[in-house]
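The structure file structure_19.txt is reproduced below (compact mmCIF, C-alpha atoms).
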# COMPACT_ATOMS: atom_id res chain seq x y z
CA MET A 1 -36.50 -25.56 49.43
CA LYS A 2 -35.21 -23.46 52.33
CA ARG A 3 -32.30 -25.01 54.18
CA ASP A 4 -33.83 -24.29 57.60
CA LEU A 5 -36.99 -26.23 56.69
CA LEU A 6 -34.94 -29.42 56.52
CA ASP A 7 -35.60 -29.59 60.27
CA ILE A 8 -39.29 -30.41 59.74
CA LEU A 9 -38.78 -33.10 57.09
CA ALA A 10 -38.73 -36.84 57.69
CA CYS A 11 -38.71 -39.89 55.45
CA PRO A 12 -42.35 -40.53 54.45
CA MET A 13 -41.82 -44.28 54.70
CA CYS A 14 -40.04 -44.83 58.02
CA LYS A 15 -40.08 -41.24 59.45
CA GLY A 16 -36.30 -41.37 59.79
CA ASP A 17 -34.05 -38.31 59.68
CA LEU A 18 -32.78 -37.14 56.30
CA THR A 19 -29.40 -36.04 55.01
CA LEU A 20 -29.16 -33.30 52.39
CA GLU A 21 -26.91 -33.25 49.34
CA VAL A 22 -27.04 -29.97 47.39
CA PHE A 23 -26.45 -29.85 43.63
CA GLU A 24 -27.55 -26.25 43.01
CA GLU A 25 -28.42 -23.41 45.37
CA ASP A 26 -29.04 -19.67 45.07
CA GLU A 27 -29.21 -16.98 47.76
CA ARG A 28 -32.79 -17.92 48.67
CA GLU A 29 -33.13 -21.68 48.44
CA ILE A 30 -31.86 -25.06 47.32
CA ILE A 31 -32.78 -25.48 43.65
CA ALA A 32 -31.62 -29.05 43.08
CA GLY A 33 -30.40 -31.76 45.39
CA LYS A 34 -31.15 -35.02 47.09
CA LEU A 35 -32.54 -36.01 50.49
CA CYS A 36 -31.66 -39.48 51.77
CA CYS A 37 -33.03 -41.31 54.79
CA LYS A 38 -30.41 -42.22 57.40
CA ASN A 39 -32.56 -45.14 58.48
CA CYS A 40 -33.99 -46.91 55.38
CA GLU A 41 -31.63 -45.22 52.86
CA GLU A 42 -34.47 -44.27 50.48
CA CYS A 43 -33.63 -41.06 48.53
CA TYR A 44 -35.85 -38.19 47.38
CA SER A 45 -34.92 -35.62 44.74
CA ILE A 46 -35.24 -31.84 44.93
CA GLU A 47 -36.06 -30.35 41.53
CA GLU A 48 -36.59 -26.64 40.81
CA GLY A 49 -36.81 -25.96 44.52
CA ILE A 50 -39.52 -28.51 45.37
CA PRO A 51 -38.64 -31.82 47.10
CA ASN A 52 -40.41 -34.87 45.69
CA MET A 53 -41.30 -36.74 48.87
CA LEU A 54 -43.71 -39.20 47.26
CA PRO A 55 -43.28 -42.80 48.41
CA PRO A 56 -41.22 -44.78 45.85
CA ASP A 57 -44.19 -46.80 44.54
CA LEU A 58 -46.16 -43.63 43.73
CA ARG A 59 -43.49 -41.87 41.71
CA ASP A 60 -43.58 -41.81 37.90
CA MET B 1 -52.32 -51.20 37.03
CA GLY B 2 -55.20 -51.98 39.35
CA GLY B 3 -56.51 -51.68 42.88
CA VAL B 4 -55.87 -48.78 45.22
CA GLU B 5 -52.54 -47.86 43.69
CA GLY B 6 -54.19 -47.67 40.27
CA LEU B 7 -56.97 -45.40 41.51
CA TYR B 8 -54.40 -43.15 43.17
CA LYS B 9 -52.37 -42.84 39.98
CA ASP B 10 -55.51 -42.14 37.91
CA GLU B 11 -56.46 -39.30 40.26
CA ARG B 12 -52.94 -37.89 40.14
CA SER B 13 -52.82 -38.15 36.35
CA PHE B 14 -55.99 -36.06 36.13
CA TRP B 15 -54.33 -33.17 37.96
CA GLU B 16 -50.95 -33.58 36.28
CA ASP B 17 -52.51 -33.41 32.82
CA LEU B 18 -54.37 -30.11 33.29
CA ARG B 19 -52.59 -27.55 31.16
CA LYS B 20 -54.64 -24.34 30.95
CA ASP B 21 -53.57 -21.21 32.76
CA GLY B 22 -54.89 -17.97 34.28
CA ASP B 23 -56.57 -17.01 37.56
CA GLU B 24 -60.09 -17.84 36.39
CA VAL B 25 -58.93 -21.22 35.16
CA GLU B 26 -57.16 -21.83 38.48
CA LEU B 27 -60.43 -21.25 40.28
CA LYS B 28 -62.29 -23.64 37.99
CA TYR B 29 -59.62 -26.29 38.44
CA ALA B 30 -60.21 -26.24 42.16
CA ARG B 31 -63.81 -27.35 41.57
CA ASP B 32 -63.54 -29.11 38.22
CA LEU B 33 -65.96 -26.69 36.53
CA PRO B 34 -66.58 -26.62 32.78
CA ASP B 35 -65.00 -23.94 30.58
CA ASP B 36 -68.32 -22.20 29.91
CA THR B 37 -69.11 -21.67 33.60
CA PRO B 38 -71.01 -18.35 33.77
CA ASP B 39 -69.76 -15.35 35.73
CA PHE B 40 -72.48 -15.65 38.35
CA ILE B 41 -71.34 -19.15 39.28
CA LEU B 42 -67.73 -17.98 39.45
CA ARG B 43 -68.67 -15.10 41.74
CA THR B 44 -70.60 -17.51 43.97
CA LEU B 45 -67.59 -19.81 43.99
CA ILE B 46 -65.22 -16.99 44.93
CA SER B 47 -67.53 -16.02 47.77
CA PHE B 48 -67.69 -19.67 48.92
CA GLU B 49 -63.90 -20.01 48.82
CA ASP B 50 -63.51 -16.83 50.85
CA ASP B 51 -65.84 -18.27 53.51
CA VAL B 52 -63.98 -21.59 53.52
CA THR B 53 -60.63 -19.82 53.82
CA ARG B 54 -61.84 -17.86 56.84
CA PHE B 55 -63.17 -21.04 58.47
CA CYS B 56 -59.90 -22.90 57.78
CA PHE B 57 -57.34 -20.22 58.57
CA ASP B 58 -58.83 -17.67 60.98
CA GLY B 59 -56.74 -17.71 64.17
CA ALA B 60 -53.90 -19.65 62.51
CA ARG B 61 -50.44 -19.05 63.91
CA GLY B 62 -47.04 -20.71 63.90
CA ARG B 63 -46.66 -23.36 61.20
CA VAL B 64 -49.65 -24.44 59.10
CA LEU B 65 -49.79 -27.45 56.76
CA ASP B 66 -52.19 -27.32 53.82
CA ALA B 67 -52.35 -31.05 53.07
CA GLY B 68 -53.55 -31.33 49.47
CA CYS B 69 -52.99 -27.65 48.64
CA GLY B 70 -53.60 -28.10 44.90
CA ASN B 71 -52.98 -24.90 42.96
CA GLY B 72 -52.92 -22.78 46.12
CA ASN B 73 -56.41 -21.24 46.09
CA LEU B 74 -56.69 -21.29 49.89
CA LEU B 75 -53.14 -20.00 50.31
CA ILE B 76 -53.73 -16.98 48.08
CA ARG B 77 -56.90 -16.13 49.98
CA SER B 78 -55.47 -16.76 53.44
CA ARG B 79 -52.63 -14.32 52.74
CA ARG B 80 -55.04 -11.45 52.00
CA ASP B 81 -56.16 -11.17 55.61
CA SER B 82 -53.24 -12.50 57.58
CA SER B 83 -49.66 -13.57 57.12
CA GLY B 84 -49.00 -14.41 60.75
CA PHE B 85 -48.09 -17.99 60.04
CA THR B 86 -45.70 -20.07 57.96
CA TYR B 87 -47.56 -21.87 55.19
CA VAL B 88 -46.43 -25.34 54.14
CA GLY B 89 -48.26 -26.69 51.09
CA LEU B 90 -48.18 -30.38 50.18
CA ASP B 91 -49.74 -31.99 47.11
CA PHE B 92 -49.20 -35.18 45.12
CA SER B 93 -49.34 -33.32 41.79
CA ARG B 94 -46.21 -31.51 40.68
CA ASN B 95 -48.26 -29.61 38.09
CA MET B 96 -50.52 -28.17 40.79
CA LEU B 97 -47.56 -27.41 43.09
CA ASP B 98 -45.80 -25.48 40.31
CA ARG B 99 -48.98 -23.42 39.87
CA ALA B 100 -49.23 -22.80 43.62
CA ALA B 101 -45.55 -21.82 43.80
CA ALA B 102 -45.88 -19.46 40.83
CA ARG B 103 -49.01 -17.82 42.28
CA SER B 104 -47.36 -17.36 45.67
CA LYS B 105 -44.22 -15.64 44.36
CA GLY B 106 -43.72 -12.52 46.44
CA LEU B 107 -45.54 -13.97 49.44
CA ASP B 108 -43.23 -14.55 52.39
CA GLY B 109 -43.34 -17.77 54.36
CA ALA B 110 -44.88 -20.14 51.79
CA TYR B 111 -43.13 -23.46 51.08
CA PHE B 112 -44.12 -26.46 48.97
CA TYR B 113 -43.48 -30.20 49.00
CA GLN B 114 -44.66 -32.99 46.75
CA GLY B 115 -45.99 -35.84 48.83
CA CYS B 116 -48.83 -38.10 49.82
CA VAL B 117 -51.30 -37.27 52.63
CA ASN B 118 -51.27 -40.72 54.17
CA LYS B 119 -47.48 -40.89 54.20
CA LEU B 120 -46.55 -37.38 55.27
CA PRO B 121 -42.84 -36.48 54.91
CA PHE B 122 -42.74 -34.54 58.18
CA LYS B 123 -41.55 -35.11 61.71
CA SER B 124 -44.10 -35.56 64.50
CA GLU B 125 -45.77 -32.67 66.34
CA ILE B 126 -44.36 -29.83 64.26
CA PHE B 127 -47.53 -28.12 62.96
CA ASP B 128 -49.89 -25.83 64.86
CA ARG B 129 -52.65 -26.38 62.33
CA VAL B 130 -53.44 -28.76 59.47
CA VAL B 131 -55.96 -27.79 56.78
CA SER B 132 -57.07 -30.44 54.29
CA SER B 133 -59.81 -29.24 51.96
CA GLY B 134 -61.32 -31.48 49.28
CA VAL B 135 -58.78 -34.21 49.89
CA LEU B 136 -60.21 -37.07 51.97
CA THR B 137 -63.16 -37.28 49.56
CA CYS B 138 -60.74 -38.00 46.70
CA LEU B 139 -58.89 -40.87 48.35
CA SER B 140 -59.26 -44.41 47.09
CA SER B 141 -60.46 -46.14 50.23
CA VAL B 142 -61.72 -45.67 53.77
CA GLU B 143 -58.37 -47.05 54.98
CA ASP B 144 -56.52 -44.33 53.06
CA ALA B 145 -58.76 -41.64 54.58
CA ARG B 146 -58.22 -43.02 58.08
CA GLY B 147 -54.50 -43.24 57.37
CA ALA B 148 -54.50 -39.56 56.41
CA LEU B 149 -56.33 -38.59 59.62
CA SER B 150 -53.78 -40.59 61.60
CA GLU B 151 -50.93 -38.76 59.85
CA TYR B 152 -52.57 -35.36 60.44
CA ASN B 153 -52.76 -36.25 64.13
CA ARG B 154 -49.12 -37.33 64.22
CA VAL B 155 -47.73 -34.12 62.72
CA LEU B 156 -49.91 -31.80 64.85
CA GLU B 157 -48.83 -30.41 68.20
CA THR B 158 -51.08 -31.39 71.12
CA GLN B 159 -54.06 -29.01 71.07
CA GLY B 160 -53.29 -28.27 67.42
CA VAL B 161 -56.23 -27.58 65.10
CA LEU B 162 -57.30 -29.73 62.16
CA VAL B 163 -59.83 -28.54 59.54
CA VAL B 164 -61.13 -31.18 57.10
CA ASP B 165 -64.25 -31.61 54.99
CA PHE B 166 -66.52 -34.38 53.78
CA PHE B 167 -69.51 -34.82 51.46
CA ASN B 168 -72.61 -35.49 53.51
CA ARG B 169 -74.20 -38.86 52.70
CA ALA B 170 -77.32 -37.74 54.58
CA SER B 171 -77.94 -34.53 52.60
CA HIS B 172 -81.13 -34.28 50.54
CA PHE B 173 -79.13 -34.16 47.31
CA THR B 174 -77.08 -37.24 48.16
CA ARG B 175 -80.18 -39.20 49.15
CA LEU B 176 -81.80 -38.19 45.86
CA ARG B 177 -78.84 -39.47 43.87
CA GLU B 178 -78.68 -42.70 45.85
CA ARG B 179 -82.38 -43.57 45.94
CA VAL B 180 -83.75 -42.10 42.71
CA LEU B 181 -80.76 -42.13 40.38
CA GLY B 182 -79.29 -45.33 41.86
CA GLU B 183 -75.80 -43.87 42.21
CA ARG B 184 -73.29 -45.48 44.53
CA ILE B 185 -72.88 -43.18 47.54
CA ALA B 186 -70.19 -44.59 49.80
CA PRO B 187 -67.20 -43.63 51.93
CA PRO B 188 -64.63 -42.20 51.73
CA GLU B 189 -66.19 -39.76 49.22
CA TYR B 190 -69.51 -39.66 51.07
CA THR B 191 -70.03 -40.19 54.77
CA THR B 192 -72.33 -39.00 57.53
CA HIS B 193 -71.51 -36.52 60.26
CA ASP B 194 -71.69 -39.25 62.92
CA GLU B 195 -69.40 -41.61 60.98
CA PHE B 196 -66.92 -38.83 60.24
CA LYS B 197 -66.96 -37.68 63.86
CA SER B 198 -66.32 -41.25 64.97
CA ASP B 199 -63.32 -41.53 62.61
CA LEU B 200 -61.96 -38.21 63.89
CA GLU B 201 -62.33 -39.31 67.51
CA SER B 202 -60.67 -42.65 66.77
CA ALA B 203 -57.77 -40.72 65.26
CA GLY B 204 -57.41 -38.68 68.47
CA PHE B 205 -59.40 -35.52 67.73
CA GLU B 206 -62.20 -33.65 69.49
CA VAL B 207 -64.73 -31.96 67.18
CA LEU B 208 -65.07 -28.23 67.88
CA GLU B 209 -67.27 -26.83 65.15
CA CYS B 210 -68.92 -27.65 61.80
CA ARG B 211 -69.71 -25.41 58.87
CA GLY B 212 -72.08 -26.58 56.12
CA PHE B 213 -72.10 -25.51 52.48
CA ASP B 214 -74.18 -26.32 49.39
CA TYR B 215 -77.91 -26.45 50.07
CA LYS B 216 -79.00 -26.53 46.45
CA PRO B 217 -82.18 -28.46 45.60
CA TYR B 218 -80.14 -30.10 42.88
CA GLN B 219 -76.42 -29.95 43.27
CA GLY B 220 -74.90 -27.20 41.30
CA TYR B 221 -73.96 -26.08 37.89
CA LEU B 222 -71.50 -28.85 37.27
CA PHE B 223 -74.00 -31.71 37.35
CA MET B 224 -76.90 -30.07 35.54
CA SER B 225 -74.99 -27.92 33.06
CA ARG B 226 -76.75 -29.34 29.99
CA TRP B 227 -80.18 -28.45 31.34
CA ARG B 228 -79.43 -25.39 33.47
CA HIS B 229 -80.64 -22.86 30.89
CA ILE B 230 -84.07 -24.49 30.91
CA ILE B 231 -84.44 -25.59 34.52
CA ASP B 232 -82.91 -22.66 36.38
CA PRO B 233 -81.95 -19.75 34.09
CA ALA B 234 -81.81 -17.24 36.96
CA PHE B 235 -79.63 -19.42 39.21
CA VAL B 236 -82.38 -19.46 41.84
CA GLN B 237 -81.03 -22.55 43.56
CA GLU B 238 -77.53 -21.10 43.80
CA ARG B 239 -78.92 -17.86 45.25
CA ILE B 240 -80.99 -19.70 47.87
CA SER B 241 -78.09 -21.97 48.77
CA ARG B 242 -75.68 -19.06 49.16
CA ILE B 243 -78.10 -17.24 51.47
CA ILE B 244 -78.48 -20.35 53.65
CA GLU B 245 -74.74 -21.10 53.82
CA SER B 246 -73.66 -17.50 54.42
CA LYS B 247 -76.50 -16.07 56.53
CA VAL B 248 -78.43 -18.90 58.18
CA ALA B 249 -75.95 -21.72 58.87
CA PRO B 250 -73.43 -19.58 60.82
CA LYS B 251 -76.20 -18.62 63.26
CA VAL B 252 -78.03 -21.95 63.51
CA PRO B 253 -75.56 -24.82 64.16
CA SER B 254 -77.99 -27.62 63.27
CA VAL B 255 -78.44 -26.21 59.75
CA ASN B 256 -74.75 -26.81 59.07
CA LEU B 257 -75.27 -30.58 59.27
CA LEU B 258 -77.84 -30.42 56.44
CA GLY B 259 -75.31 -29.14 53.93
CA TYR B 260 -73.92 -31.30 51.14
CA ARG B 261 -70.34 -30.31 51.93
CA ILE B 262 -69.37 -29.97 55.58
CA TYR B 263 -66.13 -28.57 56.99
CA VAL B 264 -65.16 -29.76 60.45
CA LYS B 265 -62.79 -27.98 62.82
CA CYS B 266 -61.32 -30.17 65.53
CA ARG B 267 -58.52 -30.23 68.09
CA LYS B 268 -55.85 -32.84 68.73
CA LEU B 269 -56.30 -34.25 72.23
Will you turn the file into structure tokens for me?
Amino acid sequence: MKRDLLDILACPMCKGDLTLEVFEEDEREIIAGKLCCKNCEECYSIEEGIPNMLPPDLRD
Amino acid sequence: MGGVEGLYKDERSFWEDLRKDGDEVELKYARDLPDDTPDFILRTLISFEDDVTRFCFDGARGRVLDAGCGNGNLLIRSRRDSSGFTYVGLDFSRNMLDRAAARSKGLDGAYFYQGCVNKLPFKSEIFDRVVSSGVLTCLSSVEDARGALSEYNRVLETQGVLVVDFFNRASHFTRLRERVLGERIAPPEYTTHDEFKSDLESAGFEVLECRGFDYKPYQGYLFMSRWRHIIDPAFVQERISRIIESKVAPKVPSVNLLGYRIYVKCRKL
């Protein structure tokens, strides 16, 4: 995930703003990390560069 | 597991469990075609997808969301003619997203997110265009489809363009299946142009243009594959259908509404 595309993301549940925590990053993108909603506090993982923004009840 | 959530997970499991690879396989996945699909059908399908891509992406600029991008078939095609927009692909299947990401390596301005079309993980009014092909017809309920239209409206800029498709409940083929074969033909998989237009207008869109596809006397290779070699060995119905959808429908607007699959371009008011 590109850092500058964080600007377009919102929590899928409450549409709140997200905070980003980076675990791994290369020169192009964030490889692993976590996005958390400032409003409802739900968190979404970033794995191998792709954020999993599925609502909690639809995740595996 | 039951109800709407169960149906959703079943649909997602189908896509997550597909494991074959290769460009030809990717094309078949997009339409759920059998492994022994003949070359003629694949060529027809490629031609159809090229037409759909032009209808969905021609004139696109700024930031474009492909809601339900699957394995990226439309993305790959859209990038052949134009790269004047940022492509954001969203799908509920990680397997399909990984395929799309792998196929788009080397293409600038393509980004992917795993998510659900009726709970989009995006801020409001940030896309210039939303394309959603073969998605609303797969949703579990009319409410889910309306929820997705509402979300598409929310994330689009005012005057932004939405392109979506539906299976026409009033097509000859659908009527045949409903009345002769006794199949259940119901929304959200099947709807009429008037019903779909009403849902789009309720969600805040104005319909600009329709484009019809699939005019086969009996719908396609997929459904008649066991008997195709006997009934239509020369693919006559596919040839006739392709001529109508590529040569006739673009010039005669009313013919578009007779197609089995109809793409609708509309604008957010």
Inset, instruction - Just the residues within 10 Å of range 176-183 of chain B, please, counting only C-alpha atoms, with nothing from its chain fewer than 6 positions along; format it as a PyMOL selection string. - result: chain B and resi 169-170+217-219
Legend entry - Top pick for closest residue to Gly147 in chain B, considering B:Arg261, B:Ser202, B:Ile46, B:Asn73 and counting all atoms listed in the file: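 So, comparing all the options, the nearest one is B:Ser202.
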At a cut-off of 6 Å, list the chain B residues touching chain A, using only C-alpha atoms, as a CSV table (one decimal) with C-alpha atoms, in the coordinates of the input.
chain,number,residue,atom,x,y,z
B,113,TYR,CA,-43.5,-30.2,49.0
B,114,GLN,CA,-44.7,-33.0,46.8
B,115,GLY,CA,-46.0,-35.8,48.8
B,116,CYS,CA,-48.8,-38.1,49.8
B,119,LYS,CA,-47.5,-40.9,54.2
B,120,LEU,CA,-46.6,-37.4,55.3
B,121,PRO,CA,-42.8,-36.5,54.9
B,122,PHE,CA,-42.7,-34.5,58.2
B,123,LYS,CA,-41.6,-35.1,61.7
Inset, instruction - Figure out the distance between CA of Pro56 in chain A and CA of Cys36 in chain A, please, to one decimal in Å. - result: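 The value is 12.4 Å.
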Report, as JSON, the axis-aligned box around all atoms of range 25-31 of chain A present in the file, extended by 6 Å on each side; give centre and edge lengths in Å to one decimal place.
{"center_x": -30.8, "center_y": -21.2, "center_z": 46.2, "size_x": 16.7, "size_y": 20.5, "size_z": 17.0}
Inset, instruction - Choose the residue, out of B:Arg211, B:Lys216, B:Arg63, B:Arg43, that has the smallest atom-to-atom separation from Cys266 in chain B; count all atoms listed in the file. - result: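 Of B:Arg211, B:Lys216, B:Arg63, B:Arg43, the one nearest Cys266 in chain B, counting all atoms listed in the file, is B:Arg211.
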Legend entry - Point-to-point distance in Å for CA of Tyr263 in chain B and CA of Leu65 in chain B: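 According to the coordinates, CA of Leu65 in chain B and CA of Tyr263 in chain B are separated by 16.4 Å.
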Legend entry - Contacts of Ile262 in chain B at 9 Å (only C-alpha atoms; same-chain gap of 5+ positions) as a list in words: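 My reading of the contact set: Val164, Asp165, Phe166, Phe167, Asn168, His193, Cys210, Arg211, Gly212, Phe213, Asp214, Asn256 and Leu257 of chain B.
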Inset, instruction - Kindly indicate which residue among B:Trp227, B:Phe205, B:Phe112, B:Phe48 lies nearest to Val163 in chain B, using all atoms listed in the file for the distances. - result: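 Comparing B:Trp227, B:Phe205, B:Phe112, B:Phe48 against Val163 in chain B, the winner is B:Phe205.
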Legend entry - CA of Glu125 in chain B to CA of Val155 in chain B, straight-line distance in Å: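 That distance, rounded to one decimal, is 4.4 Å.
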Inset, instruction - Could you please give me, as a ChimeraX atom specification, the residues of protein, DNA or RNA lying at most 12 Å from (-67.9, -16.6, 48.8) in the coordinate frame of the file, considering only C-alpha atoms? - result: /B:40-55,77,213-214,238-239,241-243,245-247
Legend entry - Shell of 12 Å around Ser78 in chain B, all atoms listed in the file, local chain residues under 3 positions omitted, as a VMD selection string: chain B and resid 49 to 61 64 66 72 to 75 81 to 87 104 107 110 131
